[in-house]
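Q: This structure is in structure tokens; I'll ask about it shortly.
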Amino acid sequence: MSKPTLDVDSVQAFIAIADFQSFTRAAEALGSTQGAISVKLKRLEDRLGYKLLERTPRQVRLSASGALFLQPARDFIVAHDRAVQALSCECRRFRLGIAEHVAGPEIPTLLARLNARDPALTIEVRIENSRSLLDAFDNGELDAVIVRQEDDRRDGEDLGPEHFGWFAAPTFHQPPGTPLRLAALAPCCGVRDIATRALETAELNWSEVFVGGGHAAVMAAVSAGLAIAAFSCRLAPADTIEVSQRMGLPPLPSSRIMLHSTLTDTRSREALRTLAAAYREHRAPA
């Protein structure tokens, strides 16, 4: 029995649908139509003899066979791209900015995927406050930025939700009758604004007892028991606990993480698709 021959476009369509969990968004990312990628997926499933995706009115998810095939499919595309790129020594740079209150444990995954997708790519990453990154982006110094939605109102690609809470060391003590001891980033930080607005709306007195020059500094202050701070729930220090209910603190509104870029060439768009897919995959619930 002869082995099936894989079609590159069909495999790319399958990976895009699996990553975006949507035929519509996969089609947009590939610059195609929903009908076209549906045909490509059907062709791939017919060649392999397995159903790769389960589709319902509300969601698209991998079948058991699709889950087994996904990583080999990625490896197939990477091998194909490397073979094609071997004929070209063109090297270029991809300049990415990530807001420091957004940057998390997914960064190694992002970088590994970008490198696997395009080994000739020189990757530059800046992790700074959102305002500095957006200014650099507007000035053409960055190719793409990942920031919170509130930090910039222009349209971008939605990478998913971000939830916040109040965190403190288990040993933290708030003296009765005194203003809440707060640690935060510099005043230009959007998360600081969310926290202080929530406290003022709840008519709670607070005092900023620690101002950090970076996210790591604020994390250290909170871990040391100096104060409490508002953190993204996924980025809070591992040795801290959420104390909203215990301390009667107001809930913090959720946000969205957005990817902004003006790049249009094929290699850049492929890098952006890889970036978005890796970010979503890392953040997907277990």
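Letters A, B, ... go to the chains of the structure tokens in the order shown; residues in each chain start at 1; ligands are counted from 1 in the same order.
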Do you know which residues are at most 9 Å from range 26-34 of chain A counting only C-alpha atoms, after dropping those on the same chain fewer than 4 positions away, and could you put them as a list in words?
A: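 Surrounding residues, per the criterion: Gln12, Ala13, Phe14, Ile15, Ala16, Ile17, Ala18, Asp19, Phe20, Gln21, Ser22, Ser38, Val39, Arg269, Glu270 and Arg273 of chain A.
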Q: Selection from above, N, CA, C and O atoms, as a tab-separated table (two decimals), in the first residue's frame, can you write it?
A:
chain	number	residue	atom	x	y	z
A	12	GLN	N	-0.52	23.38	5.97
A	12	GLN	CA	-0.53	24.73	6.55
A	12	GLN	C	-1.94	25.14	6.96
A	12	GLN	O	-2.14	25.76	8.01
A	13	ALA	N	-2.93	24.78	6.15
A	13	ALA	CA	-4.31	25.10	6.49
A	13	ALA	C	-4.73	24.39	7.77
A	13	ALA	O	-5.36	24.98	8.65
A	14	PHE	N	-4.38	23.11	7.89
A	14	PHE	CA	-4.71	22.36	9.09
A	14	PHE	C	-4.08	22.99	10.33
A	14	PHE	O	-4.75	23.18	11.36
A	15	ILE	N	-2.80	23.35	10.26
A	15	ILE	CA	-2.11	23.95	11.40
A	15	ILE	C	-2.76	25.27	11.79
A	15	ILE	O	-2.97	25.56	12.97
A	16	ALA	N	-3.09	26.09	10.79
A	16	ALA	CA	-3.70	27.39	11.08
A	16	ALA	C	-5.06	27.23	11.75
A	16	ALA	O	-5.37	27.93	12.72
A	17	ILE	N	-5.87	26.31	11.27
A	17	ILE	CA	-7.18	26.08	11.89
A	17	ILE	C	-7.01	25.59	13.32
A	17	ILE	O	-7.72	26.03	14.24
A	18	ALA	N	-6.06	24.68	13.53
A	18	ALA	CA	-5.82	24.16	14.87
A	18	ALA	C	-5.33	25.26	15.81
A	18	ALA	O	-5.75	25.33	16.97
A	19	ASP	N	-4.47	26.13	15.31
A	19	ASP	CA	-3.91	27.20	16.16
A	19	ASP	C	-4.95	28.24	16.51
A	19	ASP	O	-5.05	28.67	17.66
A	20	PHE	N	-5.72	28.66	15.53
A	20	PHE	CA	-6.69	29.72	15.76
A	20	PHE	C	-8.03	29.20	16.27
A	20	PHE	O	-8.88	29.97	16.71
A	21	GLN	N	-8.23	27.87	16.17
A	21	GLN	CA	-9.49	27.24	16.58
A	21	GLN	C	-10.69	27.92	15.88
A	21	GLN	O	-11.76	28.09	16.45
A	22	SER	N	-10.45	28.28	14.64
A	22	SER	CA	-11.48	28.97	13.86
A	22	SER	C	-11.13	28.90	12.39
A	22	SER	O	-9.99	29.23	12.01
A	38	SER	N	-11.28	25.08	3.94
A	38	SER	CA	-12.11	23.90	4.22
A	38	SER	C	-11.83	22.81	3.19
A	38	SER	O	-11.74	21.62	3.53
A	39	VAL	N	-11.69	23.22	1.93
A	39	VAL	CA	-11.38	22.26	0.86
A	39	VAL	C	-10.00	21.64	1.09
A	39	VAL	O	-9.82	20.43	0.93
A	269	ARG	N	4.54	38.33	7.64
A	269	ARG	CA	3.21	37.88	8.03
A	269	ARG	C	3.27	36.46	8.58
A	269	ARG	O	2.55	36.11	9.52
A	270	GLU	N	4.13	35.62	8.00
A	270	GLU	CA	4.29	34.27	8.53
A	270	GLU	C	4.86	34.30	9.94
A	270	GLU	O	4.44	33.53	10.81
A	273	ARG	N	2.03	35.29	12.26
A	273	ARG	CA	1.10	34.18	12.50
A	273	ARG	C	1.70	33.19	13.49
A	273	ARG	O	1.00	32.69	14.38
Q: Env of Ala227 in chain A: 12 Å cut, atoms = only C-alpha atoms, seq-sep filter 3 positions within chain, self excluded. Answer as an NGL selection string.
A: :A and (166-175 or 179-184 or 206-212 or 218-224 or 230 or 240 or 243)
Q: Give the strand (DSSP E or B) residues of range 97-258 of chain A, as DSSP finds them on the backbone, and put them as a count of residues only.
A: 51
Q: Please run DSSP on the backbone and report, as number ranges by chain, all residues within range 104-235 of chain A that come out as helix (DSSP H, G or I).
A: A: 107-117, 130-138, 149-151, 190-201, 215-223
Q: Give me the residues near range 248-251 of chain A as an MDAnalysis selection string, where near means some atom within 7 Å (using only C-alpha atoms) and where sequence neighbours in that chain fewer than 2 positions away do not count.
A: chainID A and resid 198:199 202 244:246 253
Q: Given the selection you just returned, output its residues as a file containing N, CA, C and O atoms, formatted as a PDB file, in the first residue's frame.
A:
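Here's the written file out.pdb:
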ATOM      1  N   ALA A 198      -9.415  51.586  40.975  1.00  0.00           N
ATOM      2  CA  ALA A 198     -10.297  50.664  41.707  1.00  0.00           C
ATOM      3  C   ALA A 198     -10.331  51.016  43.188  1.00  0.00           C
ATOM      4  O   ALA A 198     -11.396  50.984  43.825  1.00  0.00           O
ATOM      5  N   LEU A 199      -9.177  51.358  43.760  1.00  0.00           N
ATOM      6  CA  LEU A 199      -9.125  51.721  45.174  1.00  0.00           C
ATOM      7  C   LEU A 199      -9.868  53.026  45.433  1.00  0.00           C
ATOM      8  O   LEU A 199     -10.597  53.165  46.433  1.00  0.00           O
ATOM      9  N   ALA A 202     -13.587  52.513  45.286  1.00  0.00           N
ATOM     10  CA  ALA A 202     -14.050  51.828  46.494  1.00  0.00           C
ATOM     11  C   ALA A 202     -13.833  52.679  47.747  1.00  0.00           C
ATOM     12  O   ALA A 202     -14.160  52.243  48.857  1.00  0.00           O
ATOM     13  N   SER A 244      -7.646  39.403  47.653  1.00  0.00           N
ATOM     14  CA  SER A 244      -8.798  40.294  47.468  1.00  0.00           C
ATOM     15  C   SER A 244      -9.860  40.086  48.539  1.00  0.00           C
ATOM     16  O   SER A 244     -10.301  41.036  49.202  1.00  0.00           O
ATOM     17  N   GLN A 245     -10.305  38.827  48.695  1.00  0.00           N
ATOM     18  CA  GLN A 245     -11.379  38.556  49.646  1.00  0.00           C
ATOM     19  C   GLN A 245     -10.912  38.750  51.084  1.00  0.00           C
ATOM     20  O   GLN A 245     -11.625  39.320  51.911  1.00  0.00           O
ATOM     21  N   ARG A 246      -9.700  38.285  51.391  1.00  0.00           N
ATOM     22  CA  ARG A 246      -9.203  38.367  52.756  1.00  0.00           C
ATOM     23  C   ARG A 246      -9.090  39.810  53.226  1.00  0.00           C
ATOM     24  O   ARG A 246      -9.360  40.125  54.390  1.00  0.00           O
ATOM     25  N   PRO A 253     -10.794  44.966  36.812  1.00  0.00           N
ATOM     26  CA  PRO A 253     -11.348  44.591  35.506  1.00  0.00           C
ATOM     27  C   PRO A 253     -10.340  43.821  34.660  1.00  0.00           C
ATOM     28  O   PRO A 253      -9.131  44.050  34.750  1.00  0.00           O
TER      29      PRO A 253
END
Q: What's the 12 Å shell around Leu111 in chain A, counting only C-alpha atoms, without same-chain residues fewer than 4 positions away, as a PyMOL selection string?
A: chain A and resi 94-96+105-107+115-119+121-125+271-272+274-276+278-279
Q: If you keep N, CA, C and O atoms, can you produce a file of those selected residues as a short mmCIF file (atom, residue, chain, number, x, y, z; two decimals), in the first residue's frame?
A:
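Once written, result-v3.cif looks like this:
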data_model
loop_
_atom_site.label_atom_id
_atom_site.label_comp_id
_atom_site.auth_asym_id
_atom_site.auth_seq_id
_atom_site.Cartn_x
_atom_site.Cartn_y
_atom_site.Cartn_z
N PHE A 94 13.71 40.88 12.75
CA PHE A 94 12.32 41.01 13.21
C PHE A 94 12.38 41.64 14.59
O PHE A 94 12.91 41.06 15.53
N ARG A 95 11.86 42.86 14.70
CA ARG A 95 12.00 43.65 15.92
C ARG A 95 10.67 43.65 16.67
O ARG A 95 9.69 44.23 16.20
N LEU A 96 10.66 43.01 17.82
CA LEU A 96 9.43 42.80 18.58
C LEU A 96 9.51 43.50 19.93
O LEU A 96 10.51 43.39 20.64
N PRO A 105 5.90 33.68 30.80
CA PRO A 105 6.63 32.44 30.52
C PRO A 105 6.47 31.93 29.10
O PRO A 105 7.12 30.96 28.71
N GLU A 106 5.62 32.59 28.31
CA GLU A 106 5.46 32.14 26.92
C GLU A 106 6.60 32.63 26.01
O GLU A 106 6.73 32.17 24.88
N ILE A 107 7.43 33.55 26.49
CA ILE A 107 8.45 34.14 25.62
C ILE A 107 9.40 33.10 25.04
O ILE A 107 9.70 33.13 23.83
N ASN A 115 12.24 31.07 15.51
CA ASN A 115 13.49 30.56 14.97
C ASN A 115 13.28 29.32 14.13
O ASN A 115 13.90 29.16 13.06
N ALA A 116 12.39 28.43 14.57
CA ALA A 116 12.11 27.22 13.80
C ALA A 116 11.43 27.56 12.48
O ALA A 116 11.70 26.94 11.44
N ARG A 117 10.59 28.58 12.50
CA ARG A 117 9.85 28.97 11.29
C ARG A 117 10.76 29.62 10.27
O ARG A 117 10.60 29.43 9.07
N ASP A 118 11.73 30.40 10.74
CA ASP A 118 12.60 31.14 9.82
C ASP A 118 13.99 31.27 10.45
O ASP A 118 14.31 32.27 11.10
N PRO A 119 14.84 30.26 10.29
CA PRO A 119 16.16 30.26 10.93
C PRO A 119 17.05 31.43 10.50
O PRO A 119 18.00 31.77 11.21
N LEU A 121 16.16 34.41 10.37
CA LEU A 121 15.64 35.62 10.99
C LEU A 121 16.50 36.01 12.20
O LEU A 121 16.79 35.18 13.05
N THR A 122 16.92 37.27 12.26
CA THR A 122 17.55 37.80 13.45
C THR A 122 16.46 38.45 14.30
O THR A 122 15.79 39.38 13.85
N ILE A 123 16.26 37.94 15.51
CA ILE A 123 15.14 38.37 16.35
C ILE A 123 15.63 39.36 17.39
O ILE A 123 16.57 39.08 18.14
N GLU A 124 15.03 40.53 17.43
CA GLU A 124 15.30 41.53 18.46
C GLU A 124 14.06 41.67 19.33
O GLU A 124 12.95 41.82 18.82
N VAL A 125 14.23 41.62 20.64
CA VAL A 125 13.09 41.75 21.56
C VAL A 125 13.38 42.86 22.56
O VAL A 125 14.46 42.89 23.17
N ALA A 271 5.81 35.20 10.18
CA ALA A 271 6.38 35.34 11.52
C ALA A 271 5.31 35.79 12.51
O ALA A 271 5.23 35.29 13.65
N LEU A 272 4.45 36.71 12.09
CA LEU A 272 3.38 37.19 12.96
C LEU A 272 2.37 36.10 13.26
O LEU A 272 1.87 35.98 14.39
N THR A 274 2.98 32.91 13.34
CA THR A 274 3.66 32.00 14.26
C THR A 274 3.64 32.58 15.67
O THR A 274 3.39 31.87 16.65
N LEU A 275 3.89 33.87 15.78
CA LEU A 275 3.90 34.55 17.06
C LEU A 275 2.54 34.46 17.75
O LEU A 275 2.43 34.07 18.92
N ALA A 276 1.49 34.79 17.01
CA ALA A 276 0.15 34.78 17.58
C ALA A 276 -0.29 33.38 17.99
O ALA A 276 -0.85 33.17 19.06
N ALA A 278 1.60 30.76 18.76
CA ALA A 278 2.37 30.28 19.92
C ALA A 278 1.87 30.93 21.20
O ALA A 278 1.77 30.28 22.24
N TYR A 279 1.54 32.22 21.14
CA TYR A 279 1.05 32.93 22.32
C TYR A 279 -0.28 32.33 22.78
O TYR A 279 -0.48 32.04 23.96
#
Q: Go through A:Asp155, A:Asp193, A:Asp239, A:Glu150 one by one, measure the shortest atom-to-atom distance of each to Ser255 in chain A using only C-alpha atoms, and give the residue with the smallest value.
A: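 Residue with the minimum atom-to-atom distance to Ser255 in chain A: A:Glu150.
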Q: Counting only C-alpha atoms, what is within 12 Å of range 133-135 of chain A, bar same-chain residues fewer than 5 positions away, as a compact mmCIF listing (two decimals) with N, CA and C atoms, in the first residue's frame?
A:
# COMPACT_ATOMS: atom_id res chain seq x y z
N ARG A 95 11.86 42.86 14.70
CA ARG A 95 12.00 43.65 15.92
C ARG A 95 10.67 43.65 16.67
N LEU A 96 10.66 43.01 17.82
CA LEU A 96 9.43 42.80 18.58
C LEU A 96 9.51 43.50 19.93
N GLY A 97 8.46 44.23 20.28
CA GLY A 97 8.36 44.84 21.60
C GLY A 97 7.25 44.17 22.40
N ILE A 98 7.53 43.84 23.65
CA ILE A 98 6.53 43.22 24.53
C ILE A 98 6.45 44.05 25.80
N ALA A 99 5.26 44.51 26.14
CA ALA A 99 5.09 45.30 27.36
C ALA A 99 5.48 44.47 28.58
N GLU A 100 6.18 45.08 29.53
CA GLU A 100 6.72 44.31 30.64
C GLU A 100 5.63 43.75 31.54
N VAL A 125 14.23 41.62 20.64
CA VAL A 125 13.09 41.75 21.56
C VAL A 125 13.38 42.86 22.56
N ARG A 126 12.42 43.78 22.70
CA ARG A 126 12.50 44.83 23.72
C ARG A 126 11.35 44.64 24.69
N ILE A 127 11.67 44.60 25.99
CA ILE A 127 10.64 44.51 27.02
C ILE A 127 10.71 45.79 27.84
N GLU A 128 9.70 46.64 27.64
CA GLU A 128 9.68 47.96 28.28
C GLU A 128 8.24 48.31 28.61
N GLY A 140 8.72 53.62 13.69
CA GLY A 140 9.32 52.64 12.79
C GLY A 140 10.49 51.88 13.37
N GLU A 141 10.69 51.96 14.70
CA GLU A 141 11.81 51.27 15.32
C GLU A 141 11.48 49.82 15.68
N LEU A 142 10.21 49.48 15.68
CA LEU A 142 9.76 48.11 15.99
C LEU A 142 8.81 47.64 14.90
N ASP A 143 8.89 46.34 14.59
CA ASP A 143 8.00 45.76 13.58
C ASP A 143 6.67 45.33 14.15
N ALA A 144 6.65 44.99 15.43
CA ALA A 144 5.42 44.52 16.08
C ALA A 144 5.52 44.78 17.57
N VAL A 145 4.37 45.00 18.21
CA VAL A 145 4.34 45.17 19.66
C VAL A 145 3.17 44.38 20.22
N ILE A 146 3.36 43.87 21.45
CA ILE A 146 2.30 43.19 22.18
C ILE A 146 2.05 44.00 23.45
N VAL A 147 0.85 44.56 23.57
CA VAL A 147 0.51 45.43 24.70
C VAL A 147 -0.91 45.14 25.15
N ARG A 148 -1.29 45.73 26.28
CA ARG A 148 -2.67 45.64 26.72
C ARG A 148 -3.54 46.54 25.86
N GLN A 149 -4.80 46.14 25.69
CA GLN A 149 -5.71 46.89 24.83
C GLN A 149 -5.86 48.34 25.29
N ASP A 151 -3.78 50.28 26.60
CA ASP A 151 -2.61 51.12 26.37
C ASP A 151 -2.61 51.74 24.97
N ASP A 152 -3.45 51.22 24.08
CA ASP A 152 -3.50 51.76 22.72
C ASP A 152 -4.84 51.40 22.11
N ARG A 153 -5.57 52.38 21.61
CA ARG A 153 -6.94 52.17 21.15
C ARG A 153 -7.05 51.76 19.69
N ARG A 154 -5.95 51.73 18.95
CA ARG A 154 -6.04 51.35 17.54
C ARG A 154 -6.36 49.85 17.43
N MET A 258 -3.16 42.60 22.92
CA MET A 258 -3.25 42.89 21.50
C MET A 258 -1.87 42.86 20.84
N LEU A 259 -1.86 42.37 19.60
CA LEU A 259 -0.66 42.38 18.76
C LEU A 259 -0.86 43.43 17.68
N HIS A 260 0.07 44.36 17.59
CA HIS A 260 0.02 45.42 16.57
C HIS A 260 1.20 45.29 15.62
N SER A 261 0.94 45.38 14.33
CA SER A 261 2.00 45.39 13.34
C SER A 261 1.46 45.96 12.04
Q: Could you check which of A:Arg131, A:Lys3, A:His101, A:Arg92 is closest to Ala216 in chain A, using only C-alpha atoms?
A: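 For Ala216 in chain A, the nearest of the candidates is A:His101.
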Q: State, in Å with one decimal place, the distance from CA of Arg93 in chain A to CA of Phe137 in chain A.
A: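 Those two atoms sit 14.7 Å apart.
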